[in-house]
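Here is data-v6.cif, consisting of mmCIF, C-alpha atoms and all ligand atoms:
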data_input
#
loop_
_atom_site.label_atom_id
_atom_site.label_comp_id
_atom_site.auth_asym_id
_atom_site.auth_seq_id
_atom_site.Cartn_x
_atom_site.Cartn_y
_atom_site.Cartn_z
CA MET A 1 -121.79 -38.50 -43.51
CA THR A 2 -120.25 -40.54 -40.76
CA ALA A 3 -121.43 -40.24 -37.19
CA VAL A 4 -118.86 -39.36 -34.56
CA VAL A 5 -121.17 -40.28 -31.76
CA GLU A 6 -124.40 -42.21 -32.09
CA VAL A 7 -126.89 -42.18 -29.25
CA ARG A 8 -129.54 -44.90 -29.47
CA ASP A 9 -132.61 -45.37 -27.28
CA LEU A 10 -130.91 -43.75 -24.34
CA SER A 11 -132.93 -43.51 -21.13
CA VAL A 12 -131.96 -41.97 -17.81
CA GLY A 13 -134.03 -42.26 -14.65
CA PHE A 14 -133.73 -40.66 -11.23
CA ALA A 15 -134.99 -42.56 -8.23
CA THR A 16 -136.93 -40.21 -5.94
CA ASP A 17 -139.13 -40.66 -2.88
CA TYR A 18 -142.15 -40.36 -5.16
CA GLY A 19 -141.04 -42.78 -7.83
CA GLU A 20 -138.84 -42.85 -10.88
CA VAL A 21 -138.31 -39.59 -12.78
CA GLU A 22 -137.72 -40.48 -16.42
CA ALA A 23 -135.64 -37.46 -17.35
CA VAL A 24 -134.48 -38.90 -20.67
CA ASP A 25 -136.74 -41.35 -22.49
CA GLU A 26 -135.43 -43.43 -25.41
CA VAL A 27 -133.53 -40.59 -26.99
CA SER A 28 -131.76 -41.17 -30.31
CA PHE A 29 -129.60 -38.87 -32.42
CA GLU A 30 -126.13 -38.72 -33.86
CA VAL A 31 -123.53 -36.03 -34.14
CA ARG A 32 -121.78 -36.22 -37.48
CA GLU A 33 -118.23 -35.46 -38.50
CA GLY A 34 -117.53 -31.73 -38.57
CA GLU A 35 -121.05 -30.59 -37.74
CA VAL A 36 -122.63 -28.51 -35.03
CA LEU A 37 -125.75 -30.28 -33.80
CA GLY A 38 -128.06 -28.13 -31.72
CA LEU A 39 -130.02 -29.67 -28.86
CA VAL A 40 -132.93 -27.40 -27.95
CA GLY A 41 -135.91 -27.53 -25.64
CA GLU A 42 -137.44 -25.77 -22.67
CA SER A 43 -135.87 -25.76 -19.26
CA GLY A 44 -136.14 -29.21 -17.71
CA SER A 45 -136.50 -31.03 -21.03
CA GLY A 46 -133.45 -33.19 -20.35
CA LYS A 47 -130.72 -31.53 -22.39
CA SER A 48 -128.07 -31.43 -19.67
CA VAL A 49 -128.96 -34.90 -18.43
CA THR A 50 -128.43 -36.17 -21.99
CA ALA A 51 -125.03 -34.46 -22.16
CA THR A 52 -124.07 -35.83 -18.76
CA ALA A 53 -125.11 -39.30 -19.88
CA ILE A 54 -122.90 -39.09 -22.98
CA LEU A 55 -119.97 -38.32 -20.69
CA ARG A 56 -121.16 -41.18 -18.44
CA LEU A 57 -121.20 -38.80 -15.50
CA ILE A 58 -124.75 -39.49 -14.28
CA ARG A 59 -124.51 -39.94 -10.53
CA LYS A 60 -126.88 -41.48 -8.03
CA PRO A 61 -129.84 -41.30 -7.63
CA GLY A 62 -129.70 -41.17 -11.41
CA ARG A 63 -128.87 -44.07 -13.65
CA LEU A 64 -128.69 -44.99 -17.28
CA THR A 65 -131.52 -47.47 -17.70
CA GLN A 66 -131.04 -48.41 -21.35
CA GLY A 67 -129.46 -47.52 -24.63
CA SER A 68 -126.12 -47.25 -26.30
CA ILE A 69 -123.65 -44.45 -27.04
CA MET A 70 -121.34 -45.46 -29.85
CA LEU A 71 -118.07 -43.59 -30.24
CA GLY A 72 -115.43 -44.89 -32.61
CA GLY A 73 -116.83 -48.41 -32.61
CA ARG A 74 -117.13 -48.62 -28.84
CA ASP A 75 -120.28 -48.42 -26.72
CA LEU A 76 -119.61 -45.96 -23.89
CA CYS A 77 -122.37 -47.63 -21.91
CA ARG A 78 -120.25 -50.75 -21.66
CA LEU A 79 -116.92 -49.23 -20.64
CA ASN A 80 -115.50 -49.25 -17.14
CA GLU A 81 -114.47 -46.14 -15.24
CA ASP A 82 -110.78 -46.38 -16.27
CA GLU A 83 -111.70 -46.61 -19.93
CA LEU A 84 -114.15 -43.74 -19.55
CA GLN A 85 -111.50 -41.55 -17.90
CA GLN A 86 -109.35 -42.13 -20.94
CA ILE A 87 -112.11 -40.89 -23.23
CA ARG A 88 -113.22 -37.87 -21.21
CA GLY A 89 -111.04 -34.92 -22.00
CA THR A 90 -109.35 -36.59 -24.93
CA GLU A 91 -112.11 -37.82 -27.21
CA ILE A 92 -115.03 -35.96 -25.66
CA ALA A 93 -114.64 -32.58 -24.01
CA LEU A 94 -117.20 -30.50 -22.18
CA ILE A 95 -117.54 -26.78 -21.79
CA SER A 96 -120.03 -25.73 -19.20
CA GLN A 97 -122.11 -22.67 -18.58
CA THR A 98 -120.07 -21.61 -15.58
CA PRO A 99 -116.51 -21.21 -16.86
CA ARG A 100 -115.31 -19.21 -13.89
CA THR A 101 -116.22 -21.83 -11.33
CA ALA A 102 -114.91 -24.59 -13.61
CA LEU A 103 -111.47 -23.00 -13.61
CA ASN A 104 -109.07 -23.63 -10.77
CA PRO A 105 -108.48 -20.41 -8.79
CA LEU A 106 -105.10 -21.61 -7.52
CA LEU A 107 -103.45 -22.25 -10.86
CA THR A 108 -102.59 -19.70 -13.50
CA VAL A 109 -104.62 -19.86 -16.66
CA GLY A 110 -101.53 -20.97 -18.58
CA GLN A 111 -100.85 -23.80 -16.12
CA GLN A 112 -104.40 -25.08 -16.52
CA VAL A 113 -104.27 -25.21 -20.29
CA ALA A 114 -100.76 -26.71 -20.14
CA ARG A 115 -102.00 -29.45 -17.80
CA MET A 116 -104.33 -30.67 -20.52
CA PHE A 117 -101.34 -31.27 -22.78
CA VAL A 118 -99.39 -33.01 -20.02
CA LEU A 119 -102.31 -35.21 -18.93
CA HIS A 120 -103.83 -36.05 -22.26
CA ALA A 121 -101.05 -35.70 -24.81
CA GLY A 122 -98.08 -36.66 -22.64
CA LEU A 123 -96.07 -33.56 -23.52
CA THR A 124 -93.20 -32.31 -21.36
CA LYS A 125 -93.71 -29.28 -19.16
CA ALA A 126 -91.78 -26.96 -21.46
CA GLU A 127 -93.59 -28.17 -24.57
CA SER A 128 -96.97 -27.98 -22.92
CA ARG A 129 -96.34 -24.41 -21.75
CA LYS A 130 -95.53 -23.40 -25.30
CA ARG A 131 -98.62 -25.15 -26.66
CA ALA A 132 -100.79 -23.54 -23.98
CA ILE A 133 -99.76 -20.08 -25.09
CA GLU A 134 -100.45 -21.00 -28.72
CA MET A 135 -103.86 -22.27 -27.68
CA LEU A 136 -104.68 -19.07 -25.78
CA ALA A 137 -103.72 -17.09 -28.88
CA LEU A 138 -105.90 -19.34 -31.02
CA VAL A 139 -108.99 -18.62 -28.93
CA GLY A 140 -108.36 -14.91 -29.30
CA ILE A 141 -106.85 -13.95 -25.96
CA PRO A 142 -104.68 -10.88 -26.50
CA GLU A 143 -101.13 -10.89 -25.12
CA PRO A 144 -101.30 -14.61 -24.43
CA GLU A 145 -97.86 -14.85 -22.81
CA ARG A 146 -98.70 -12.25 -20.21
CA ARG A 147 -102.27 -13.46 -19.72
CA ALA A 148 -101.08 -17.06 -19.26
CA ARG A 149 -99.42 -15.99 -16.00
CA GLN A 150 -102.66 -14.58 -14.60
CA TYR A 151 -105.47 -16.24 -12.62
CA ALA A 152 -109.12 -16.78 -13.52
CA HIS A 153 -110.29 -13.94 -11.28
CA GLN A 154 -108.30 -11.53 -13.46
CA PHE A 155 -110.35 -12.61 -16.51
CA SER A 156 -113.79 -11.43 -17.63
CA GLY A 157 -116.60 -13.98 -18.14
CA GLY A 158 -116.05 -14.03 -21.89
CA MET A 159 -112.30 -14.49 -21.45
CA CYS A 160 -112.88 -17.34 -18.96
CA GLN A 161 -115.10 -19.02 -21.53
CA ARG A 162 -112.30 -18.66 -24.10
CA VAL A 163 -109.93 -20.33 -21.65
CA MET A 164 -112.41 -23.19 -21.20
CA ILE A 165 -112.62 -23.58 -24.96
CA ALA A 166 -108.82 -23.60 -25.17
CA MET A 167 -108.70 -26.36 -22.53
CA ALA A 168 -111.46 -28.33 -24.22
CA LEU A 169 -109.85 -28.18 -27.64
CA ALA A 170 -106.27 -28.63 -26.42
CA THR A 171 -106.33 -32.35 -27.01
CA ARG A 172 -108.30 -32.20 -30.26
CA PRO A 173 -111.37 -34.07 -29.06
CA ARG A 174 -113.65 -35.69 -31.59
CA LEU A 175 -116.70 -34.35 -29.83
CA LEU A 176 -117.09 -31.11 -27.96
CA ILE A 177 -120.20 -30.77 -25.83
CA ALA A 178 -121.07 -27.15 -25.11
CA ASP A 179 -123.87 -26.85 -22.57
CA GLU A 180 -125.28 -23.31 -22.75
CA PRO A 181 -121.76 -21.94 -23.35
CA THR A 182 -122.86 -18.32 -23.54
CA THR A 183 -124.99 -18.09 -20.40
CA GLY A 184 -124.26 -14.92 -18.47
CA LEU A 185 -122.31 -13.32 -21.29
CA ASP A 186 -123.48 -10.12 -22.92
CA VAL A 187 -124.92 -10.42 -26.42
CA SER A 188 -121.84 -9.36 -28.38
CA THR A 189 -119.45 -11.47 -26.29
CA ALA A 190 -121.81 -14.42 -26.71
CA ALA A 191 -121.83 -13.92 -30.48
CA ARG A 192 -118.03 -13.83 -30.57
CA ILE A 193 -117.76 -17.01 -28.47
CA LEU A 194 -120.15 -18.82 -30.82
CA ASP A 195 -118.23 -17.65 -33.88
CA LEU A 196 -115.08 -18.91 -32.24
CA LEU A 197 -116.63 -22.31 -31.47
CA ARG A 198 -117.83 -22.75 -35.01
CA GLU A 199 -114.50 -21.65 -36.46
CA LEU A 200 -112.43 -23.85 -34.18
CA GLY A 201 -114.76 -26.76 -34.84
CA ARG A 202 -114.00 -26.36 -38.51
CA GLU A 203 -110.28 -25.92 -37.94
CA THR A 204 -109.73 -28.75 -35.49
CA GLY A 205 -112.31 -31.06 -37.04
CA ALA A 206 -114.19 -31.42 -33.76
CA SER A 207 -117.91 -32.09 -33.96
CA ILE A 208 -119.98 -30.01 -31.60
CA LEU A 209 -123.11 -30.78 -29.62
CA LEU A 210 -124.43 -27.34 -28.75
CA ILE A 211 -127.05 -27.21 -26.02
CA THR A 212 -129.13 -24.08 -25.86
CA HIS A 213 -132.62 -22.77 -25.43
CA ASP A 214 -131.90 -19.82 -27.65
CA LEU A 215 -133.26 -20.40 -31.15
CA GLY A 216 -131.23 -17.45 -32.42
CA VAL A 217 -128.07 -19.31 -31.44
CA VAL A 218 -129.38 -22.37 -33.25
CA ALA A 219 -130.12 -20.39 -36.41
CA THR A 220 -126.67 -18.84 -36.61
CA THR A 221 -124.52 -21.67 -35.31
CA CYS A 222 -125.97 -25.12 -36.01
CA HIS A 223 -126.12 -27.34 -39.07
CA ARG A 224 -128.81 -29.63 -37.74
CA VAL A 225 -131.09 -29.52 -34.72
CA ALA A 226 -132.64 -32.05 -32.36
CA VAL A 227 -135.66 -30.78 -30.43
CA MET A 228 -136.32 -32.20 -26.97
CA HIS A 229 -139.58 -32.04 -25.08
CA ALA A 230 -140.04 -33.56 -21.63
CA GLY A 231 -137.19 -36.03 -22.04
CA GLN A 232 -138.03 -37.11 -25.59
CA VAL A 233 -136.54 -36.07 -28.91
CA VAL A 234 -139.55 -35.07 -31.02
CA GLU A 235 -137.89 -33.73 -34.17
CA VAL A 236 -134.50 -33.78 -35.89
CA ALA A 237 -133.90 -31.65 -38.96
CA PRO A 238 -131.42 -29.55 -40.88
CA VAL A 239 -131.55 -26.05 -39.45
CA ARG A 240 -133.26 -24.43 -42.47
CA ALA A 241 -135.96 -27.07 -42.61
CA LEU A 242 -136.62 -26.71 -38.90
CA PHE A 243 -137.28 -23.00 -39.16
CA ARG A 244 -139.13 -23.10 -42.50
CA HIS A 245 -141.12 -26.27 -42.07
CA PRO A 246 -141.31 -27.17 -38.39
CA ALA A 247 -143.42 -30.32 -38.24
CA HIS A 248 -143.94 -31.39 -34.63
CA PRO A 249 -146.59 -29.31 -32.88
CA TYR A 250 -144.07 -28.51 -30.16
CA THR A 251 -141.46 -27.31 -32.66
CA ARG A 252 -144.13 -25.24 -34.42
CA ALA A 253 -144.99 -23.59 -31.13
CA LEU A 254 -141.31 -22.92 -30.46
CA VAL A 255 -140.68 -21.42 -33.86
CA ARG A 256 -143.90 -19.42 -33.72
CA SER A 257 -142.85 -18.06 -30.34
CA ILE A 258 -139.87 -16.28 -31.89
CA PRO A 259 -140.87 -12.67 -31.50
CA ARG A 260 -138.88 -11.07 -34.32
CA VAL A 261 -135.96 -12.34 -36.34
CA ASP A 262 -134.01 -9.12 -36.08
CA ARG A 263 -134.07 -9.12 -32.30
CA GLU A 264 -132.58 -11.40 -29.75
CA ILE A 265 -134.48 -14.63 -30.14
CA THR A 266 -135.50 -16.58 -27.11
CA MET A 267 -138.20 -19.06 -26.42
CA GLU A 268 -141.49 -17.74 -25.18
CA PRO A 269 -143.52 -19.91 -22.87
CA ILE A 270 -145.74 -22.38 -24.67
CA PRO A 271 -149.27 -22.89 -23.36
CA GLY A 272 -149.73 -25.82 -21.04
CA ALA A 273 -147.35 -27.17 -18.48
CA VAL A 274 -144.44 -29.45 -19.20
CA PRO A 275 -145.78 -32.78 -18.03
CA SER A 276 -144.41 -34.33 -14.90
CA LEU A 277 -141.59 -36.72 -15.65
CA LEU A 278 -142.57 -38.70 -12.60
CA ASN A 279 -144.11 -41.98 -13.71
CA ALA A 280 -144.64 -40.36 -17.09
CA PRO A 281 -147.43 -41.71 -19.31
CA ALA A 282 -146.67 -44.29 -21.95
CA GLY A 283 -147.46 -42.25 -25.05
CA CYS A 284 -146.38 -38.90 -26.42
CA ARG A 285 -145.47 -36.50 -23.66
CA TYR A 286 -146.79 -33.56 -25.65
CA ALA A 287 -150.33 -35.00 -25.70
CA ASP A 288 -151.76 -32.72 -23.01
CA ARG A 289 -150.53 -29.61 -24.80
CA CYS A 290 -151.26 -30.71 -28.34
CA PRO A 291 -154.05 -29.30 -30.54
CA TRP A 292 -154.12 -32.51 -32.63
CA VAL A 293 -154.18 -35.02 -29.77
CA GLU A 294 -156.02 -38.29 -30.30
CA GLU A 295 -156.69 -41.16 -27.97
CA ARG A 296 -153.84 -43.18 -29.52
CA CYS A 297 -151.28 -40.47 -28.64
CA ARG A 298 -151.76 -41.15 -24.94
CA ARG A 299 -151.35 -44.89 -25.30
CA GLN A 300 -148.58 -45.27 -27.79
CA LYS A 301 -145.32 -43.50 -28.41
CA PRO A 302 -144.95 -42.27 -32.00
CA ALA A 303 -141.78 -43.44 -33.72
CA MET A 304 -139.42 -41.13 -35.59
CA THR A 305 -140.51 -40.92 -39.23
CA GLU A 306 -138.60 -39.30 -42.09
CA ILE A 307 -140.98 -36.77 -43.65
CA ALA A 308 -138.43 -35.13 -45.95
CA PRO A 309 -134.77 -35.91 -46.59
CA GLU A 310 -132.96 -35.77 -43.22
CA HIS A 311 -136.09 -34.43 -41.53
CA PHE A 312 -137.47 -36.71 -38.81
CA VAL A 313 -140.47 -36.22 -36.58
CA ALA A 314 -142.23 -38.30 -33.94
CA CYS A 315 -145.93 -37.44 -34.22
CA PHE A 316 -149.02 -39.43 -35.24
CA ALA A 317 -150.85 -36.31 -36.42
CA VAL A 318 -148.04 -35.46 -38.83
CA GLU A 319 -147.81 -39.09 -39.95
CA ASP A 320 -151.56 -39.25 -40.68
CA GLY A 321 -151.63 -35.88 -42.37
CA ARG A 322 -154.02 -34.45 -39.75
CA ALA A 323 -151.58 -31.72 -38.79
CA ALA A 324 -151.40 -29.68 -41.95
CA PRO A 325 -147.84 -28.97 -42.99
CA VAL A 326 -146.59 -25.42 -42.67
N1 LIG B 1 -130.75 -35.19 -9.33
C1 LIG B 1 -131.98 -35.28 -9.88
N2 LIG B 1 -132.99 -35.87 -9.21
C2 LIG B 1 -134.22 -35.96 -9.77
N3 LIG B 1 -134.53 -35.49 -10.99
C3 LIG B 1 -133.56 -34.91 -11.69
C4 LIG B 1 -132.22 -34.75 -11.19
N4 LIG B 1 -131.49 -34.12 -12.12
C5 LIG B 1 -132.33 -33.87 -13.15
N5 LIG B 1 -133.56 -34.35 -12.90
C6 LIG B 1 -134.72 -34.31 -13.80
O1 LIG B 1 -134.28 -34.21 -15.11
C7 LIG B 1 -134.99 -33.21 -15.81
C8 LIG B 1 -134.14 -32.64 -16.88
O2 LIG B 1 -133.12 -31.85 -16.32
P1 LIG B 1 -132.00 -31.15 -17.23
O3 LIG B 1 -131.08 -30.49 -16.30
O4 LIG B 1 -131.44 -32.11 -18.19
O5 LIG B 1 -132.85 -30.06 -18.04
P2 LIG B 1 -132.33 -29.05 -19.14
O6 LIG B 1 -133.07 -29.34 -20.40
O7 LIG B 1 -130.86 -29.06 -19.19
O8 LIG B 1 -132.86 -27.67 -18.57
P3 LIG B 1 -132.15 -26.22 -18.53
O9 LIG B 1 -132.50 -25.59 -19.87
O10 LIG B 1 -132.86 -25.53 -17.41
O11 LIG B 1 -130.70 -26.38 -18.31
C9 LIG B 1 -135.42 -32.24 -14.74
O12 LIG B 1 -136.61 -31.61 -15.10
C10 LIG B 1 -135.63 -33.14 -13.55
O13 LIG B 1 -136.95 -33.62 -13.56
MG MG B 2 -129.36 -27.70 -18.72
#
Would you mind giving the structure from this file in structure tokens?
Ligand SMILES: Nc1ncnc2c1ncn2[C@@H]1O[C@H](COP(=O)(O)OP(=O)(O)OP(=O)(O)O)[C@@H](O)[C@H]1O
Ligand SMILES: [Mg+2]
Amino acid sequence: MTAVVEVRDLSVGFATDYGEVEAVDEVSFEVREGEVLGLVGESGSGKSVTATAILRLIRKPGRLTQGSIMLGGRDLCRLNEDELQQIRGTEIALISQTPRTALNPLLTVGQQVARMFVLHAGLTKAESRKRAIEMLALVGIPEPERRARQYAHQFSGGMCQRVMIAMALATRPRLLIADEPTTGLDVSTAARILDLLRELGRETGASILLITHDLGVVATTCHRVAVMHAGQVVEVAPVRALFRHPAHPYTRALVRSIPRVDREITMEPIPGAVPSLLNAPAGCRYADRCPWVEERCRRQKPAMTEIAPEHFVACFAVEDGRAAPV
């Protein structure tokens, strides 16, 4: 399957008074046509920084230190700000975890969606108004004509998130990045928003990078998953394989920490602290927490190895067969 966006060896550092924080360390993955790729990991593992880097919105004291982000034959890391502006909103769209604050309180909801069509598709005002109402209907907002004349504060959290999705999909982006899109929503609203995302992804052909730390969301929404730990991607697998045969010791701990499949699934803390990303050690960043750690793990970074079709893991213990498969 073709990749819509291909991230290769991407690193992001933040200069601090204490040294360089390597928040993202040689991360590689691709999001393929029509798929939902989940990006999971504990808080602070670098998920949002990765998303921000794909949009080329890392600001000082952060900087992209290496890597490439290929989108439609172009490397986003080599484009200038004008070219990037052209891509943001049209080819890549973002929905954030705070829809209400992302919406403009001074414009009606309809005006905001319509603006996307004016700015990115060059439609006239009348056309864009019509399309905005269609879009609001598509994301399941009842009475879209009446609701289009209202302001964000008259919308519930779930309805604001629907508006954000309408804005994001208005211009039919190739890639939609959803960073914890259901934070702060109640369970059933969250489930409906995720259904909607998946459905619209299928309908509009947009690929989705879904960032979450909820493994339940991953199980129900994603096709494939990339697992991040302390700024590194440690495993990439189809969703079934990840839950049935997690290979990396970190992924195993994550999957094991799921309390019960019939309840809301969230990550439980994993023993050991997430290592400091400040002047991080050269090798595997899971070494201090790992039951299979060897001297080599601290010196050398394990490369991604394909252990089953489409199932990649970066771990010496798995490679050597020391970590028994589950
Ligand atoms: N402005 C900054 N200055 C210094 N370090 C930063 C800055 N922004 C992010 N970081 C570093 O990047 C790391 C990753 O942050 P990021 O927001 O990507 O985590 P995350 O995986 O999205 O977590 P969460 O699940 O809580 O959203 C942080 O732990 C922090 O060390
Ligand atoms: Mg985040």
What does the list of residues within 10 Å of ligand MG 2 (chain B) look like if you count only C-alpha atoms and all ligand atoms, written as a PDB file with C-alpha atoms, in the frame of the given file?
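What landed in out07.pdb:
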ATOM      1  CA  VAL A  40    -132.930 -27.400 -27.950  1.00  0.00           C
ATOM      2  CA  GLY A  41    -135.910 -27.530 -25.640  1.00  0.00           C
ATOM      3  CA  GLU A  42    -137.440 -25.770 -22.670  1.00  0.00           C
ATOM      4  CA  SER A  43    -135.870 -25.760 -19.260  1.00  0.00           C
ATOM      5  CA  GLY A  44    -136.140 -29.210 -17.710  1.00  0.00           C
ATOM      6  CA  SER A  45    -136.500 -31.030 -21.030  1.00  0.00           C
ATOM      7  CA  GLY A  46    -133.450 -33.190 -20.350  1.00  0.00           C
ATOM      8  CA  LYS A  47    -130.720 -31.530 -22.390  1.00  0.00           C
ATOM      9  CA  SER A  48    -128.070 -31.430 -19.670  1.00  0.00           C
ATOM     10  CA  VAL A  49    -128.960 -34.900 -18.430  1.00  0.00           C
ATOM     11  CA  THR A  50    -128.430 -36.170 -21.990  1.00  0.00           C
ATOM     12  CA  ALA A  51    -125.030 -34.460 -22.160  1.00  0.00           C
ATOM     13  CA  THR A  52    -124.070 -35.830 -18.760  1.00  0.00           C
ATOM     14  CA  SER A  96    -120.030 -25.730 -19.200  1.00  0.00           C
ATOM     15  CA  GLN A  97    -122.110 -22.670 -18.580  1.00  0.00           C
ATOM     16  CA  ASP A 179    -123.870 -26.850 -22.570  1.00  0.00           C
ATOM     17  CA  GLU A 180    -125.280 -23.310 -22.750  1.00  0.00           C
ATOM     18  CA  ILE A 211    -127.050 -27.210 -26.020  1.00  0.00           C
ATOM     19  CA  THR A 212    -129.130 -24.080 -25.860  1.00  0.00           C
ATOM     20  CA  HIS A 213    -132.620 -22.770 -25.430  1.00  0.00           C
TER      21      HIS A 213
END
With distances taken over only C-alpha atoms, the candidate from A:Pro61, A:Ala148, A:Leu55, A:Ser188 nearest Gln85 of chain A is A:Leu55
Up to 12 Å from (-100.7, -21.4, -28.2) in the file's coordinates: name the residues, counting all atoms listed in the file, as an mmCIF file with C-alpha atoms, keeping the file's coordinate frame.
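And here's selection-v2.cif as it stands now:
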data_model
loop_
_atom_site.group_PDB
_atom_site.id
_atom_site.type_symbol
_atom_site.label_atom_id
_atom_site.label_comp_id
_atom_site.auth_asym_id
_atom_site.auth_seq_id
_atom_site.Cartn_x
_atom_site.Cartn_y
_atom_site.Cartn_z
ATOM 1 C CA GLY A 110 -101.530 -20.970 -18.580
ATOM 2 C CA VAL A 113 -104.270 -25.210 -20.290
ATOM 3 C CA ALA A 114 -100.760 -26.710 -20.140
ATOM 4 C CA PHE A 117 -101.340 -31.270 -22.780
ATOM 5 C CA GLU A 127 -93.590 -28.170 -24.570
ATOM 6 C CA SER A 128 -96.970 -27.980 -22.920
ATOM 7 C CA ARG A 129 -96.340 -24.410 -21.750
ATOM 8 C CA LYS A 130 -95.530 -23.400 -25.300
ATOM 9 C CA ARG A 131 -98.620 -25.150 -26.660
ATOM 10 C CA ALA A 132 -100.790 -23.540 -23.980
ATOM 11 C CA ILE A 133 -99.760 -20.080 -25.090
ATOM 12 C CA GLU A 134 -100.450 -21.000 -28.720
ATOM 13 C CA MET A 135 -103.860 -22.270 -27.680
ATOM 14 C CA LEU A 136 -104.680 -19.070 -25.780
ATOM 15 C CA ALA A 137 -103.720 -17.090 -28.880
ATOM 16 C CA LEU A 138 -105.900 -19.340 -31.020
ATOM 17 C CA VAL A 139 -108.990 -18.620 -28.930
ATOM 18 C CA GLY A 140 -108.360 -14.910 -29.300
ATOM 19 C CA ILE A 141 -106.850 -13.950 -25.960
ATOM 20 C CA PRO A 142 -104.680 -10.880 -26.500
ATOM 21 C CA GLU A 143 -101.130 -10.890 -25.120
ATOM 22 C CA PRO A 144 -101.300 -14.610 -24.430
ATOM 23 C CA GLU A 145 -97.860 -14.850 -22.810
ATOM 24 C CA ARG A 147 -102.270 -13.460 -19.720
ATOM 25 C CA ALA A 148 -101.080 -17.060 -19.260
ATOM 26 C CA VAL A 163 -109.930 -20.330 -21.650
ATOM 27 C CA ALA A 166 -108.820 -23.600 -25.170
ATOM 28 C CA MET A 167 -108.700 -26.360 -22.530
ATOM 29 C CA LEU A 169 -109.850 -28.180 -27.640
ATOM 30 C CA ALA A 170 -106.270 -28.630 -26.420
#
With all atoms listed in the file as the atoms that count, which of A:Gly73, A:Gly62, A:Pro173, A:Gly158 lies nearest to Glu91 of chain A?
->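 Closest candidate: A:Pro173.
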Grab the atom CA of Thr189 of chain A to atom CA of Val217 of chain A distance for me, in Å with one decimal place.
->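 Atom CA of Val217 of chain A lies at a distance of 12.7 Å from atom CA of Thr189 of chain A.
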May I ask for the distance between atom CA of Pro309 of chain A and atom CA of Val239 of chain A, given in Å to one decimal place?
-> 12.6 Å
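Of note, atom CA of Pro281 of chain A and atom CA of Val234 of chain A are spaced 15.6 Å apart.
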Near Ala191 of chain A, counting all atoms listed in the file, which residues have an atom at most 9 Å away, once you skip same-chain residues fewer than 4 positions from it, shown as a list in words?
->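 After dropping sequence-adjacent residues, the list is Thr182, Asp186, Val187, Asp195, Leu196 and Val217 of chain A.
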Would you save the residues of that selection, restricted to C-alpha atoms, as a compact mmCIF listing (two decimals), in the coordinates of the input?
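Result file selection_18.txt:
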# COMPACT_ATOMS: atom_id res chain seq x y z
CA THR A 182 -122.86 -18.32 -23.54
CA ASP A 186 -123.48 -10.12 -22.92
CA VAL A 187 -124.92 -10.42 -26.42
CA ASP A 195 -118.23 -17.65 -33.88
CA LEU A 196 -115.08 -18.91 -32.24
CA VAL A 217 -128.07 -19.31 -31.44
Give the answer as one residue: which of A:Ala280, A:Cys222, A:Ile69, A:Val109 has the shortest atom-to-atom distance to ligand LIG 1 (chain B), using only C-alpha atoms and all ligand atoms?
->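 Smallest distance to ligand LIG 1 (chain B) is found for A:Ala280.
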Nearest candidate to ligand LIG 1 (chain B) (options A:Thr305, A:Ser28, A:Thr16, A:Thr171; using only C-alpha atoms and all ligand atoms) =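 Using only C-alpha atoms and all ligand atoms, ligand LIG 1 (chain B) sits closest to A:Thr16.
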Using all atoms listed in the file, which residue out of A:Val293, A:Leu215, A:Leu278, A:Ala253 lies closest to ligand LIG 1 (chain B)?
->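 The shortest atom-to-atom distance to ligand LIG 1 (chain B) comes from A:Leu278.
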Radius query 10 Å about (-141.3, -44.7, -17.2), atoms used: all atoms listed in the file, as a list of chain:residue names |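 Checking each residue against the 10 Å limit leaves A:Ser11, A:Val12, A:Gly13, A:Gly19, A:Glu20, A:Val21, A:Glu22, A:Ala23, A:Val24, A:Asp25, A:Leu277, A:Leu278, A:Asn279, A:Ala280, A:Pro281, A:Ala282.
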Leu37 of chain A surroundings by all atoms listed in the file, 12 Å radius, close-in-sequence under 6 positions cut, as number ranges by chain = A: 3-5, 29-31, 175-179, 198, 201, 206-212, 217-227, 236-239
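Closest to ligand LIG 1 (chain B) among A:Ala168, A:Met228, A:Leu64, A:Ala93 is A:Met228, based on only C-alpha atoms and all ligand atoms.
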Can you list, as a count of residues only, every protein, DNA or RNA residue that comes within 6 Å of Arg8 of chain A when you count all atoms listed in the file, leaving out same-chain residues fewer than 2 positions away?
-> 4
Keeping C-alpha atoms, write segment 131-142 of chain A of the structure just shown out as a PDB file, in the first residue's frame.
ATOM      1  CA  ARG A 131     -20.711  23.826   1.542  1.00  0.00           C
ATOM      2  CA  ALA A 132     -20.231  24.687   5.219  1.00  0.00           C
ATOM      3  CA  ILE A 133     -23.795  23.696   6.005  1.00  0.00           C
ATOM      4  CA  GLU A 134     -23.355  20.449   4.064  1.00  0.00           C
ATOM      5  CA  MET A 135     -20.193  19.780   6.030  1.00  0.00           C
ATOM      6  CA  LEU A 136     -21.909  20.411   9.376  1.00  0.00           C
ATOM      7  CA  ALA A 137     -24.633  17.969   8.336  1.00  0.00           C
ATOM      8  CA  LEU A 138     -21.996  15.423   7.331  1.00  0.00           C
ATOM      9  CA  VAL A 139     -20.398  15.461  10.779  1.00  0.00           C
ATOM     10  CA  GLY A 140     -23.789  14.853  12.341  1.00  0.00           C
ATOM     11  CA  ILE A 141     -24.781  18.270  13.628  1.00  0.00           C
ATOM     12  CA  PRO A 142     -28.574  18.411  13.760  1.00  0.00           C
TER      13      PRO A 142
END
